[in-house]
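Engineer: Questions regarding the structure given below will be posed in turn.
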Amino acid sequence: MSDDYNDKYSTIKQSDLAVTLADELTHFEELNLPSARNDIWEETAIGLVAESGEYDVLLWSAGYALFGNGRGLWGPGQSAEREIQLIVVPKSERGSMSDNNFVRVGWTPSERLHGPEFSVTASDDDVTWDFNGLRFIAQPPQWSLRGKAGEAQFDLVCDQTGTPLWNWGPFSKAQEADRAGYDAFVSVNGTIRTDQHDLEIVNGYGVREHIITGQSNDPVRNLPAPMWMWWLYTIQGDVKINFFRPGPLDIGFVKYADKQVDFGPGQGTVSFEVTEKWEDPRTAMNLPVKWALTMENDGCTVDVSISAHGRAYSHWPMSNGTRMYCYLLCTMSGTVSLPDGRTITLDDQLTVNSFHRTILNATETTAGPLPAAP
């Protein structure tokens, strides 16, 4: 098995097999090394954007089962983490960036979960991953998020739209690439309640994700500064747009009806450029907040501009460094020309955009950073 991180993305083979209830169980022993000898990170997650009254909403909610029995990337033994990034900003602020409050839970070492605080249970009808009261309930092609994390209380139902994307490969072949998992686009309905907001989510949209990876996918070693990992998606009707930059590669696709056009190495052209930055008073970072995205292949052309009007972030400490993980609530405007002759116009379409970036190595030297624990 190749230990080259980027090689795994350049050899992606698309699959849209249906997600089964068995897929929603844990897969700790299906990697190339057993859990007793491996660092494992298995995630269950739901992300969404929606309008709710006068507000735009972005939610990223995830739970992670962790093993640190190999290189010790995520710390020793078994533990779990849950993460919430929730942005709620007025729709009137679209098109420009200013400081905003947000809900953040997780990734501070003291928030790690142990023992009975994390459990996975299965019945004939569902599989539930419970992170100390934040529950991800899988009944594919439907998923629910219920419970509380921090000040946020959730009661959301997600229904799959279109076919899933097994870009990480099926769980049955996780040992071949040291990773596996899927993303599925979903429509979202339900409620999110905080101390300041009582949000009704009607016809929101987002992504359901379940992935597992082993220690060959070391986030700090594989994504050294100044590289960025970008991930964005938007949906209008039956048209779904995705862009992914896992370091030096640009990968994208457009799904429409039951068809898919791929963009990336050897598949047309992709350009993703920052067009404006903003000095973030919270992070002291010159944060990208506007972009231009173009993709072209096989009679499909994406030509859009993207603008952020809300952000939330976490710092992700690992044994060999620290990553910043930032979500950006955005709008997308422009056109998508499809091979079936349609041209879709996007006008302030709500969009999820996010990045990962290594901001500190655990071992910094006069010869440069070392992606290793001291």
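Simple scheme: letters A, B, ... for chains in structure tokens order, numbers from 1 for residues in each chain, numbers from 1 for ligands in the order shown.
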Using DSSP assignments from the backbone, pull out every residue in range 151-198 of chain A that falls under strand (DSSP E) and give it to me as a list in words.
Structural biologist: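 Restricting range 151-198 of chain A to strand (DSSP E) produces Ala152, Gln153, Phe154, Asp155, Leu156, Val157, Cys158, Asp159, Gln160, Arg179, Ala180, Gly181, Tyr182, Asp183, Ala184, Phe185, Val186, Ser187, Val188, Asn189, Gly190, Thr191, Ile192, Arg193 and Asp198 of chain A.
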Engineer: Take the residues that were just selected and, keeping C-alpha atoms, output them as a PDB file, in the first residue's frame.
Structural biologist:
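As written to disk, selection37.pdb reads:
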ATOM      1  CA  ALA A 152     -26.771  24.139  20.948  1.00  0.00           C
ATOM      2  CA  GLN A 153     -29.699  21.699  20.947  1.00  0.00           C
ATOM      3  CA  PHE A 154     -30.416  19.751  17.734  1.00  0.00           C
ATOM      4  CA  ASP A 155     -33.383  17.900  16.264  1.00  0.00           C
ATOM      5  CA  LEU A 156     -32.569  17.527  12.567  1.00  0.00           C
ATOM      6  CA  VAL A 157     -33.523  14.980   9.917  1.00  0.00           C
ATOM      7  CA  CYS A 158     -31.438  14.566   6.752  1.00  0.00           C
ATOM      8  CA  ASP A 159     -32.749  12.779   3.652  1.00  0.00           C
ATOM      9  CA  GLN A 160     -30.381  11.697   0.898  1.00  0.00           C
ATOM     10  CA  ARG A 179      -9.025   4.764   4.440  1.00  0.00           C
ATOM     11  CA  ALA A 180     -12.651   4.405   3.351  1.00  0.00           C
ATOM     12  CA  GLY A 181     -15.978   6.183   3.462  1.00  0.00           C
ATOM     13  CA  TYR A 182     -18.632   8.194   1.696  1.00  0.00           C
ATOM     14  CA  ASP A 183     -20.283  11.584   1.392  1.00  0.00           C
ATOM     15  CA  ALA A 184     -23.964  11.932   0.547  1.00  0.00           C
ATOM     16  CA  PHE A 185     -25.823  15.120  -0.281  1.00  0.00           C
ATOM     17  CA  VAL A 186     -28.918  15.589   1.863  1.00  0.00           C
ATOM     18  CA  SER A 187     -31.921  17.840   2.396  1.00  0.00           C
ATOM     19  CA  VAL A 188     -32.312  18.937   6.018  1.00  0.00           C
ATOM     20  CA  ASN A 189     -35.341  19.830   8.152  1.00  0.00           C
ATOM     21  CA  GLY A 190     -35.799  20.358  11.887  1.00  0.00           C
ATOM     22  CA  THR A 191     -34.695  22.728  14.632  1.00  0.00           C
ATOM     23  CA  ILE A 192     -31.538  24.202  16.148  1.00  0.00           C
ATOM     24  CA  ARG A 193     -31.876  26.042  19.450  1.00  0.00           C
ATOM     25  CA  ASP A 198     -34.708  29.347  17.958  1.00  0.00           C
TER      26      ASP A 198
END
Engineer: Set the distance at 8 Å and use only C-alpha atoms: which residues neighbour Thr331 in chain A once local chain neighbours fewer than 5 positions away are removed? I'd like the list as a list in words.
Structural biologist: Arg94, Gly95, Ile306, Ser307, Ala308, Asp348, Gln349, Leu350 and Thr351 of chain A
Engineer: Closest to Asp258 in chain A among A:Pro170, A:Pro288, A:Gly162, A:Gly310, using only C-alpha atoms?
Structural biologist: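 Smallest distance to Asp258 in chain A is found for A:Gly162.
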Engineer: Could you go through range 217-273 of chain A and tell me which residues DSSP, when run on the backbone, assigns to helix (DSSP H, G or I), listing them as a PyMOL selection string?
Structural biologist: chain A and resi 219-222
Engineer: By how many Å are CA of Gly341 in chain A and CA of Val239 in chain A apart?
Structural biologist: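 Pair CA of Gly341 in chain A / CA of Val239 in chain A returns 13.2 Å.
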